[in-house]
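Trainee: Shown below is the structure under consideration.
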Amino acid sequence: MQILRLKETVNFMAFRKVAMVFSIVLMISAISLLTVKKLNFGLDFTGGTLIEVGFEEAADLTKIRQVLDSNGFEDGVVQLYGSSRDIVIRLAQREDVKAEMLGNQILSILQQSTDKNIDMRRIEFVGASVGEELTEQGGLAMLTALICILVYVAFRFEWRFALGSVVALFHDVLLTLGLFALLGLEFDLTVLAAILAVIGYSLNDTIVVSDRIRENFRKIREGGPAEVINISLTQTLSRTFITSITTLLVLAALFFKGGALIHGFATALLFGVFVGTYSSIYVASAVALALGISKEDLIPEVIEKEGAEQEQMMP
């Protein structure tokens, strides 16, 4: 029966070397992007002023940028926000200028350039010191999460699984950050929350796979470590597929219908679900196999009771 099961499994580990090379290339590319292009940090991290205004008709972004440039706001970033009539203007921090005064000045400049009514929707201001603090705390939150995961998995399973899980999570986070650097998407607190959610999602998938691998190492007597891992991955494949599909359906709805406010959040999670599912198979499991995981590492030691030898010798 066990031999039949081995033949029916999907041979995931046959492609582990190709997958590892592919993952390494992607990680190096992500590091290069983060070094060259860097992340487009939002006002939550950099500090500055965000002004949202609404037009009666579709806004002409090119004209708005020209008006701002001619009035001394060359650093202004103009983007559509939800619809063609709503825009946001992001300005770097200015000393001794209140956000409300700056917003009124921008509104006056825009109204002078057009004969249409323009509504002020909101004005937000974040100081530079607050932005630096958020950047530090955000990075510390991700580092703390990875360390706690390493300790938990090492205690719960085995240190090889712990290293594989942390490498997989680092892989997922790095590729997601690389995507945002590549596309120039704004990185704000909602995206940071999505990154932490990606860590949780990927870890959940990895824990399920690791638990099944440990269980099969104890139950299946025939076959090497690679074959047992293939059986475990095949057995959890349907669960992984159903979970991923249902999650992607919700995230797709948020991505297309959720509006600009959570667009970055949905983008990070959509990509994170894909790479998280991939990494639980071809990163976490492959790393554990490369480190030499074996049945002996997962089979619990049998503790002999006192007096057991005497009981066996008695007639």
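Quick note on naming: the chains in the structure tokens go A, B, ... in the order shown, residues restart at 1 in each chain, and ligands are numbered from 1 in order of appearance.
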Would you list the contacts of Gly276 of chain A as a PyMOL selection string, taking every protein, DNA or RNA residue within 12 Å and counting only C-alpha atoms, but skipping same-chain residues closer than 5 positions in sequence?

Mentor: chain A and resi 165-176+195+197-207+240-241+243-244+268-271+281-284

Trainee: Would you output that residue set with N, CA and C atoms, as an mmCIF file, in the first residue's frame?

Mentor:
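Result saved to again_21.cif:
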data_model
loop_
_atom_site.group_PDB
_atom_site.id
_atom_site.type_symbol
_atom_site.label_atom_id
_atom_site.label_comp_id
_atom_site.auth_asym_id
_atom_site.auth_seq_id
_atom_site.Cartn_x
_atom_site.Cartn_y
_atom_site.Cartn_z
ATOM 1 N N SER A 165 11.460 27.490 7.302
ATOM 2 C CA SER A 165 10.313 28.391 7.425
ATOM 3 C C SER A 165 10.748 29.851 7.379
ATOM 4 N N VAL A 166 11.830 30.184 8.108
ATOM 5 C CA VAL A 166 12.293 31.572 8.137
ATOM 6 C C VAL A 166 12.829 31.992 6.773
ATOM 7 N N VAL A 167 13.553 31.089 6.100
ATOM 8 C CA VAL A 167 14.044 31.403 4.752
ATOM 9 C C VAL A 167 12.864 31.641 3.809
ATOM 10 N N ALA A 168 11.804 30.821 3.939
ATOM 11 C CA ALA A 168 10.619 30.991 3.091
ATOM 12 C C ALA A 168 9.940 32.326 3.364
ATOM 13 N N LEU A 169 9.833 32.702 4.638
ATOM 14 C CA LEU A 169 9.193 33.974 4.985
ATOM 15 C C LEU A 169 10.031 35.156 4.505
ATOM 16 N N PHE A 170 11.350 35.059 4.678
ATOM 17 C CA PHE A 170 12.235 36.114 4.176
ATOM 18 C C PHE A 170 12.103 36.233 2.659
ATOM 19 N N HIS A 171 12.008 35.086 1.988
ATOM 20 C CA HIS A 171 11.820 35.040 0.538
ATOM 21 C C HIS A 171 10.528 35.762 0.145
ATOM 22 N N ASP A 172 9.429 35.483 0.857
ATOM 23 C CA ASP A 172 8.136 36.089 0.531
ATOM 24 C C ASP A 172 8.149 37.596 0.740
ATOM 25 N N VAL A 173 8.692 38.031 1.878
ATOM 26 C CA VAL A 173 8.735 39.464 2.189
ATOM 27 C C VAL A 173 9.617 40.199 1.191
ATOM 28 N N LEU A 174 10.779 39.630 0.885
ATOM 29 C CA LEU A 174 11.715 40.283 -0.019
ATOM 30 C C LEU A 174 11.127 40.431 -1.417
ATOM 31 N N LEU A 175 10.475 39.389 -1.921
ATOM 32 C CA LEU A 175 9.890 39.464 -3.260
ATOM 33 C C LEU A 175 8.730 40.459 -3.307
ATOM 34 N N THR A 176 7.953 40.529 -2.234
ATOM 35 C CA THR A 176 6.856 41.494 -2.193
ATOM 36 C C THR A 176 7.379 42.922 -2.184
ATOM 37 N N ILE A 195 2.179 43.151 4.594
ATOM 38 C CA ILE A 195 3.405 42.350 4.652
ATOM 39 C C ILE A 195 3.363 41.421 5.862
ATOM 40 N N ALA A 197 0.670 40.372 7.296
ATOM 41 C CA ALA A 197 -0.351 39.370 7.009
ATOM 42 C C ALA A 197 0.176 38.288 6.082
ATOM 43 N N VAL A 198 1.028 38.664 5.140
ATOM 44 C CA VAL A 198 1.667 37.688 4.250
ATOM 45 C C VAL A 198 2.524 36.724 5.064
ATOM 46 N N ILE A 199 3.241 37.256 6.052
ATOM 47 C CA ILE A 199 4.053 36.395 6.925
ATOM 48 C C ILE A 199 3.163 35.377 7.628
ATOM 49 N N GLY A 200 2.027 35.838 8.153
ATOM 50 C CA GLY A 200 1.123 34.925 8.842
ATOM 51 C C GLY A 200 0.525 33.884 7.907
ATOM 52 N N TYR A 201 0.125 34.300 6.714
ATOM 53 C CA TYR A 201 -0.461 33.360 5.752
ATOM 54 C C TYR A 201 0.561 32.309 5.329
ATOM 55 N N SER A 202 1.750 32.764 4.968
ATOM 56 C CA SER A 202 2.780 31.836 4.519
ATOM 57 C C SER A 202 3.185 30.879 5.635
ATOM 58 N N LEU A 203 3.275 31.397 6.859
ATOM 59 C CA LEU A 203 3.646 30.544 7.986
ATOM 60 C C LEU A 203 2.583 29.474 8.230
ATOM 61 N N ASN A 204 1.318 29.838 8.134
ATOM 62 C CA ASN A 204 0.245 28.872 8.346
ATOM 63 C C ASN A 204 0.347 27.718 7.354
ATOM 64 N N ASP A 205 0.602 28.043 6.094
ATOM 65 C CA ASP A 205 0.746 27.012 5.067
ATOM 66 C C ASP A 205 1.968 26.137 5.346
ATOM 67 N N THR A 206 3.065 26.769 5.751
ATOM 68 C CA THR A 206 4.290 26.025 6.028
ATOM 69 C C THR A 206 4.128 25.106 7.225
ATOM 70 N N ILE A 207 3.420 25.574 8.268
ATOM 71 C CA ILE A 207 3.204 24.755 9.466
ATOM 72 C C ILE A 207 2.382 23.517 9.131
ATOM 73 N N THR A 240 -4.280 23.301 0.395
ATOM 74 C CA THR A 240 -3.587 24.521 -0.002
ATOM 75 C C THR A 240 -4.294 25.200 -1.165
ATOM 76 N N PHE A 241 -4.723 24.415 -2.131
ATOM 77 C CA PHE A 241 -5.385 24.960 -3.313
ATOM 78 C C PHE A 241 -6.700 25.640 -2.940
ATOM 79 N N THR A 243 -7.682 26.785 0.029
ATOM 80 C CA THR A 243 -7.425 27.974 0.853
ATOM 81 C C THR A 243 -6.947 29.145 0.004
ATOM 82 N N SER A 244 -6.045 28.876 -0.922
ATOM 83 C CA SER A 244 -5.504 29.940 -1.772
ATOM 84 C C SER A 244 -6.581 30.538 -2.670
ATOM 85 N N ALA A 268 -0.296 43.806 -2.228
ATOM 86 C CA ALA A 268 0.706 43.070 -1.456
ATOM 87 C C ALA A 268 0.200 41.693 -1.057
ATOM 88 N N LEU A 269 -1.053 41.598 -0.648
ATOM 89 C CA LEU A 269 -1.590 40.306 -0.235
ATOM 90 C C LEU A 269 -1.820 39.377 -1.421
ATOM 91 N N LEU A 270 -2.279 39.916 -2.541
ATOM 92 C CA LEU A 270 -2.463 39.082 -3.730
ATOM 93 C C LEU A 270 -1.154 38.426 -4.142
ATOM 94 N N PHE A 271 -0.115 39.237 -4.232
ATOM 95 C CA PHE A 271 1.187 38.698 -4.603
ATOM 96 C C PHE A 271 1.723 37.784 -3.506
ATOM 97 N N ILE A 281 6.237 25.086 -0.566
ATOM 98 C CA ILE A 281 6.583 23.845 -1.268
ATOM 99 C C ILE A 281 8.054 23.822 -1.650
ATOM 100 N N TYR A 282 8.493 24.858 -2.341
ATOM 101 C CA TYR A 282 9.816 24.822 -2.967
ATOM 102 C C TYR A 282 10.890 25.602 -2.223
ATOM 103 N N VAL A 283 10.550 26.206 -1.093
ATOM 104 C CA VAL A 283 11.581 26.882 -0.304
ATOM 105 C C VAL A 283 11.703 26.222 1.068
ATOM 106 N N ALA A 284 10.630 26.236 1.841
ATOM 107 C CA ALA A 284 10.687 25.675 3.192
ATOM 108 C C ALA A 284 11.022 24.185 3.175
#

Trainee: As a compact mmCIF listing (two decimals) with N, CA and C atoms, in the first residue's frame, please: the residues near Ala19 of chain A (cut-off 10 Å, only C-alpha atoms, same-chain neighbours under 2 positions excluded).

Mentor:
# COMPACT_ATOMS: atom_id res chain seq x y z
N PHE A 12 7.29 16.68 -6.41
CA PHE A 12 7.65 18.10 -6.28
C PHE A 12 9.15 18.28 -6.16
N MET A 13 9.78 17.42 -5.36
CA MET A 13 11.19 17.61 -5.06
C MET A 13 12.12 17.36 -6.25
N ALA A 14 11.58 16.78 -7.34
CA ALA A 14 12.40 16.59 -8.54
C ALA A 14 12.79 17.93 -9.16
N PHE A 15 12.00 18.96 -8.88
CA PHE A 15 12.26 20.29 -9.45
C PHE A 15 12.83 21.25 -8.42
N ARG A 16 13.26 20.72 -7.26
CA ARG A 16 13.68 21.63 -6.19
C ARG A 16 14.93 22.43 -6.55
N LYS A 17 15.86 21.82 -7.32
CA LYS A 17 17.08 22.56 -7.67
C LYS A 17 16.77 23.70 -8.63
N VAL A 21 17.19 27.74 -7.73
CA VAL A 21 17.91 28.70 -8.58
C VAL A 21 16.99 29.85 -8.98
N PHE A 22 15.75 29.51 -9.33
CA PHE A 22 14.77 30.52 -9.70
C PHE A 22 14.51 31.48 -8.54
N SER A 23 14.38 30.94 -7.34
CA SER A 23 14.13 31.78 -6.16
C SER A 23 15.32 32.68 -5.86
N ILE A 24 16.52 32.13 -5.98
CA ILE A 24 17.72 32.94 -5.72
C ILE A 24 17.83 34.10 -6.71
N VAL A 25 17.53 33.81 -7.97
CA VAL A 25 17.56 34.87 -8.99
C VAL A 25 16.55 35.96 -8.66
N TYR A 278 3.93 29.07 -3.09
CA TYR A 278 5.12 28.54 -3.77
C TYR A 278 6.24 28.24 -2.77
N SER A 279 6.47 29.17 -1.83
CA SER A 279 7.60 29.01 -0.92
C SER A 279 7.40 27.87 0.09
N ILE A 281 6.24 25.09 -0.57
CA ILE A 281 6.58 23.85 -1.27
C ILE A 281 8.05 23.82 -1.65
N TYR A 282 8.49 24.86 -2.34
CA TYR A 282 9.82 24.82 -2.97
C TYR A 282 10.89 25.60 -2.22
N VAL A 283 10.55 26.21 -1.09
CA VAL A 283 11.58 26.88 -0.30
C VAL A 283 11.70 26.22 1.07
N ALA A 286 12.20 22.37 0.62
CA ALA A 286 13.47 22.10 -0.06
C ALA A 286 14.66 22.44 0.82

Trainee: Go through segment 103-214 of chain A residue by residue and, counting only C-alpha atoms, keep those with an atom at most 10 Å from segment 76-89 of chain A; for each kept residue give the shortest atom pair and its distance in Å to one decimal, ordered by chain and increasing number, as a tab-separated table.

Mentor:
residue	atom	partner	partner_atom	distance
A:Gly103	CA	A:Ile89	CA	9.6
A:Ile106	CA	A:Ile89	CA	9.0
A:Ile118	CA	A:Arg85	CA	9.8
A:Asp119	CA	A:Asp86	CA	9.5
A:Arg121	CA	A:Asp86	CA	9.1
A:Arg122	CA	A:Val88	CA	9.3
A:Ile123	CA	A:Val88	CA	9.6

Trainee: Could you please determine the separation between atom CA of Leu254 of chain A and atom CA of Leu61 of chain A in Å, to one decimal place?

Mentor: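 That distance, rounded to one decimal, is 25.5 Å.
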
Trainee: DSSP on the backbone: what in segment 80-267 of chain A comes out strand (DSSP E), as number ranges by chain?

Mentor: A: 80-81, 83-91, 118-126, 186-187

Trainee: Segment 103-156 of chain A: which residues are alpha helix (DSSP H) by DSSP, as a PyMOL selection string?

Mentor: chain A and resi 103-112+128-156

Trainee: Would you mind exporting N, CA and C atoms of the selected residues as an mmCIF file, in the first residue's frame?

Mentor:
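Final file, selection-v7.cif:
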data_model
loop_
_atom_site.group_PDB
_atom_site.id
_atom_site.type_symbol
_atom_site.label_atom_id
_atom_site.label_comp_id
_atom_site.auth_asym_id
_atom_site.auth_seq_id
_atom_site.Cartn_x
_atom_site.Cartn_y
_atom_site.Cartn_z
ATOM 1 N N GLY A 103 -2.926 73.655 2.327
ATOM 2 C CA GLY A 103 -4.056 73.149 1.569
ATOM 3 C C GLY A 103 -4.877 74.260 0.957
ATOM 4 N N ASN A 104 -5.113 75.314 1.722
ATOM 5 C CA ASN A 104 -5.867 76.459 1.191
ATOM 6 C C ASN A 104 -5.113 77.124 0.046
ATOM 7 N N GLN A 105 -3.786 77.160 0.157
ATOM 8 C CA GLN A 105 -2.975 77.761 -0.905
ATOM 9 C C GLN A 105 -3.067 76.945 -2.192
ATOM 10 N N ILE A 106 -2.976 75.622 -2.059
ATOM 11 C CA ILE A 106 -3.093 74.742 -3.229
ATOM 12 C C ILE A 106 -4.477 74.874 -3.852
ATOM 13 N N LEU A 107 -5.522 74.898 -3.006
ATOM 14 C CA LEU A 107 -6.883 75.008 -3.510
ATOM 15 C C LEU A 107 -7.082 76.320 -4.266
ATOM 16 N N SER A 108 -6.514 77.416 -3.733
ATOM 17 C CA SER A 108 -6.629 78.711 -4.393
ATOM 18 C C SER A 108 -5.925 78.712 -5.749
ATOM 19 N N ILE A 109 -4.762 78.093 -5.818
ATOM 20 C CA ILE A 109 -4.014 78.023 -7.079
ATOM 21 C C ILE A 109 -4.790 77.239 -8.124
ATOM 22 N N LEU A 110 -5.379 76.112 -7.719
ATOM 23 C CA LEU A 110 -6.131 75.282 -8.661
ATOM 24 C C LEU A 110 -7.408 75.975 -9.129
ATOM 25 N N GLN A 111 -8.059 76.699 -8.219
ATOM 26 C CA GLN A 111 -9.286 77.383 -8.602
ATOM 27 C C GLN A 111 -9.018 78.523 -9.582
ATOM 28 N N GLN A 112 -7.853 79.178 -9.435
ATOM 29 C CA GLN A 112 -7.493 80.252 -10.344
ATOM 30 C C GLN A 112 -7.182 79.735 -11.754
ATOM 31 N N ALA A 128 8.210 64.615 10.124
ATOM 32 C CA ALA A 128 9.346 63.767 9.757
ATOM 33 C C ALA A 128 9.765 62.851 10.896
ATOM 34 N N SER A 129 9.703 63.348 12.123
ATOM 35 C CA SER A 129 10.104 62.525 13.271
ATOM 36 C C SER A 129 9.162 61.344 13.440
ATOM 37 N N VAL A 130 7.866 61.580 13.190
ATOM 38 C CA VAL A 130 6.887 60.485 13.265
ATOM 39 C C VAL A 130 7.152 59.461 12.175
ATOM 40 N N GLY A 131 7.494 59.945 10.970
ATOM 41 C CA GLY A 131 7.803 59.039 9.869
ATOM 42 C C GLY A 131 9.008 58.166 10.156
ATOM 43 N N GLU A 132 10.065 58.737 10.727
ATOM 44 C CA GLU A 132 11.249 57.954 11.071
ATOM 45 C C GLU A 132 10.932 56.924 12.138
ATOM 46 N N GLU A 133 10.097 57.310 13.093
ATOM 47 C CA GLU A 133 9.726 56.378 14.157
ATOM 48 C C GLU A 133 8.915 55.214 13.605
ATOM 49 N N LEU A 134 7.995 55.513 12.687
ATOM 50 C CA LEU A 134 7.200 54.450 12.074
ATOM 51 C C LEU A 134 8.063 53.506 11.255
ATOM 52 N N THR A 135 9.046 54.060 10.533
ATOM 53 C CA THR A 135 9.953 53.223 9.746
ATOM 54 C C THR A 135 10.726 52.266 10.642
ATOM 55 N N GLU A 136 11.233 52.789 11.740
ATOM 56 C CA GLU A 136 12.007 51.960 12.673
ATOM 57 C C GLU A 136 11.132 50.897 13.315
ATOM 58 N N GLN A 137 9.942 51.290 13.755
ATOM 59 C CA GLN A 137 9.057 50.333 14.415
ATOM 60 C C GLN A 137 8.530 49.285 13.438
ATOM 61 N N GLY A 138 8.286 49.697 12.187
ATOM 62 C CA GLY A 138 7.828 48.735 11.192
ATOM 63 C C GLY A 138 8.859 47.673 10.899
ATOM 64 N N GLY A 139 10.110 48.088 10.715
ATOM 65 C CA GLY A 139 11.179 47.120 10.492
ATOM 66 C C GLY A 139 11.389 46.221 11.692
ATOM 67 N N LEU A 140 11.295 46.806 12.896
ATOM 68 C CA LEU A 140 11.454 46.019 14.115
ATOM 69 C C LEU A 140 10.334 45.002 14.267
ATOM 70 N N ALA A 141 9.123 45.371 13.844
ATOM 71 C CA ALA A 141 7.989 44.442 13.931
ATOM 72 C C ALA A 141 8.218 43.218 13.056
ATOM 73 N N MET A 142 8.704 43.426 11.832
ATOM 74 C CA MET A 142 8.967 42.295 10.938
ATOM 75 C C MET A 142 10.108 41.427 11.460
ATOM 76 N N LEU A 143 11.164 42.052 11.986
ATOM 77 C CA LEU A 143 12.291 41.293 12.523
ATOM 78 C C LEU A 143 11.867 40.469 13.732
ATOM 79 N N THR A 144 11.075 41.070 14.606
ATOM 80 C CA THR A 144 10.592 40.351 15.788
ATOM 81 C C THR A 144 9.718 39.171 15.386
ATOM 82 N N ALA A 145 8.878 39.379 14.389
ATOM 83 C CA ALA A 145 8.012 38.289 13.920
ATOM 84 C C ALA A 145 8.838 37.115 13.401
ATOM 85 N N LEU A 146 9.874 37.388 12.621
ATOM 86 C CA LEU A 146 10.703 36.321 12.065
ATOM 87 C C LEU A 146 11.447 35.566 13.163
ATOM 88 N N ILE A 147 11.959 36.288 14.175
ATOM 89 C CA ILE A 147 12.676 35.642 15.270
ATOM 90 C C ILE A 147 11.739 34.754 16.082
ATOM 91 N N CYS A 148 10.558 35.262 16.385
ATOM 92 C CA CYS A 148 9.589 34.471 17.150
ATOM 93 C C CYS A 148 9.176 33.217 16.390
ATOM 94 N N ILE A 149 9.011 33.356 15.074
ATOM 95 C CA ILE A 149 8.656 32.199 14.248
ATOM 96 C C ILE A 149 9.779 31.168 14.266
ATOM 97 N N LEU A 150 11.020 31.622 14.166
ATOM 98 C CA LEU A 150 12.168 30.719 14.197
ATOM 99 C C LEU A 150 12.192 29.919 15.489
ATOM 100 N N VAL A 151 11.976 30.583 16.624
ATOM 101 C CA VAL A 151 11.993 29.908 17.921
ATOM 102 C C VAL A 151 10.829 28.925 18.035
ATOM 103 N N TYR A 152 9.654 29.357 17.608
ATOM 104 C CA TYR A 152 8.470 28.497 17.736
ATOM 105 C C TYR A 152 8.598 27.232 16.901
ATOM 106 N N VAL A 153 8.958 27.374 15.623
ATOM 107 C CA VAL A 153 9.037 26.201 14.749
ATOM 108 C C VAL A 153 10.151 25.264 15.200
ATOM 109 N N ALA A 154 11.275 25.821 15.663
ATOM 110 C CA ALA A 154 12.367 24.977 16.158
ATOM 111 C C ALA A 154 11.920 24.166 17.370
ATOM 112 N N PHE A 155 11.137 24.791 18.243
ATOM 113 C CA PHE A 155 10.645 24.092 19.441
ATOM 114 C C PHE A 155 9.534 23.115 19.082
ATOM 115 N N ARG A 156 8.663 23.511 18.146
ATOM 116 C CA ARG A 156 7.488 22.697 17.813
ATOM 117 C C ARG A 156 7.839 21.524 16.908
#

Trainee: When you look at Thr234 of chain A with a cut-off of 9 Å (counting only C-alpha atoms), what residues show up, excluding the ones that are within fewer than 6 positions of it in the same chain? I need them as a list in words.

Mentor: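 Listed by chain and then number, they are Thr9, Val10, Asn11 and Phe12 of chain A.
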
Trainee: I need the residues from that last selection saved to file as an mmCIF file, in the first residue's frame (with all heavy atoms), if you can.

Mentor:
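And here is the file that came out, again_31.cif:
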data_model
loop_
_atom_site.group_PDB
_atom_site.id
_atom_site.type_symbol
_atom_site.label_atom_id
_atom_site.label_comp_id
_atom_site.auth_asym_id
_atom_site.auth_seq_id
_atom_site.Cartn_x
_atom_site.Cartn_y
_atom_site.Cartn_z
ATOM 1 N N THR A 9 2.113 9.878 -5.957
ATOM 2 C CA THR A 9 2.377 11.243 -5.498
ATOM 3 C C THR A 9 2.982 12.100 -6.610
ATOM 4 O O THR A 9 3.574 11.590 -7.569
ATOM 5 C CB THR A 9 3.353 11.218 -4.309
ATOM 6 O OG1 THR A 9 4.555 10.563 -4.706
ATOM 7 C CG2 THR A 9 2.751 10.519 -3.125
ATOM 8 N N VAL A 10 2.832 13.411 -6.443
ATOM 9 C CA VAL A 10 3.465 14.368 -7.342
ATOM 10 C C VAL A 10 4.910 14.557 -6.903
ATOM 11 O O VAL A 10 5.183 14.817 -5.730
ATOM 12 C CB VAL A 10 2.726 15.720 -7.315
ATOM 13 C CG1 VAL A 10 3.388 16.715 -8.256
ATOM 14 C CG2 VAL A 10 1.257 15.527 -7.664
ATOM 15 N N ASN A 11 5.821 14.437 -7.828
ATOM 16 C CA ASN A 11 7.251 14.507 -7.495
ATOM 17 C C ASN A 11 7.710 15.968 -7.466
ATOM 18 O O ASN A 11 8.430 16.444 -8.342
ATOM 19 C CB ASN A 11 8.059 13.695 -8.511
ATOM 20 C CG ASN A 11 9.487 13.467 -8.043
ATOM 21 O OD1 ASN A 11 9.876 13.869 -6.945
ATOM 22 N ND2 ASN A 11 10.281 12.818 -8.871
ATOM 23 N N PHE A 12 7.285 16.679 -6.415
ATOM 24 C CA PHE A 12 7.646 18.096 -6.282
ATOM 25 C C PHE A 12 9.154 18.281 -6.160
ATOM 26 O O PHE A 12 9.734 19.197 -6.755
ATOM 27 C CB PHE A 12 6.973 18.699 -5.045
ATOM 28 C CG PHE A 12 5.490 18.864 -5.177
ATOM 29 C CD1 PHE A 12 4.625 17.968 -4.565
ATOM 30 C CD2 PHE A 12 4.957 19.914 -5.903
ATOM 31 C CE1 PHE A 12 3.260 18.125 -4.673
ATOM 32 C CE2 PHE A 12 3.595 20.074 -6.020
ATOM 33 C CZ PHE A 12 2.742 19.174 -5.404
#

Trainee: To one decimal place in Å, what is the distance between atom CA of Ile31 of chain A and atom CA of Glu186 of chain A?

Mentor: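 A separation of 17.6 Å between them.
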
Trainee: Write out as a list in words each polymer residue whose atoms come within 8 Å of Ala266 of chain A, counting only C-alpha atoms; drop sequence neighbours fewer than 4 positions from it.

Mentor: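 Residues meeting the cut-off are Ala194, Leu251, Ala252, Leu254, Phe255, Ile262 and Leu270 of chain A.
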
Trainee: Pick out the closest residue to Val275 of chain A from this set: A:Ala58, A:Ile213, A:Met120, A:Leu179. Count only C-alpha atoms.

Mentor: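 Of the candidates, the smallest distance to Val275 of chain A is held by A:Leu179.
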
Trainee: What lies within 10 Å of Phe73 of chain A using only C-alpha atoms, ignoring chain neighbours under 5 positions off, as a ChimeraX atom specification?

Mentor: /A:65-68,91-92,106

Trainee: Just the selected residues (C-alpha atoms), exported as a PDB file, in the first residue's frame, please.

Mentor:
ATOM      1  CA  ARG A  65       1.227  69.443 -12.556  1.00  0.00           C
ATOM      2  CA  GLN A  66       2.124  72.411 -14.779  1.00  0.00           C
ATOM      3  CA  VAL A  67       0.150  74.781 -12.537  1.00  0.00           C
ATOM      4  CA  LEU A  68       1.864  73.478  -9.417  1.00  0.00           C
ATOM      5  CA  LEU A  91       3.954  67.473  -0.960  1.00  0.00           C
ATOM      6  CA  ALA A  92       7.207  67.110   0.910  1.00  0.00           C
ATOM      7  CA  ILE A 106      -3.093  74.742  -3.229  1.00  0.00           C
TER       8      ILE A 106
END

Trainee: Taking only C-alpha atoms into account, name the residue in A:Gly224, A:Gly72, A:Gly47, A:Gly272 that is nearest to Gly178 of chain A.

Mentor: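 With only C-alpha atoms as the atom set, the closest residue is A:Gly272.
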
Trainee: My list of candidates is A:Asn117, A:Ser280, A:Thr246, A:Ser70. Which is closest to Glu56 of chain A when distances are computed with only C-alpha atoms?

Mentor: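 Of all the options, A:Asn117 lies closest to Glu56 of chain A.
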
Trainee: Expressed in Å to a single decimal, how great is the separation between atom CA of Asp211 of chain A and atom CA of Phe157 of chain A?

Mentor: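 These two atoms are separated by 7.7 Å.
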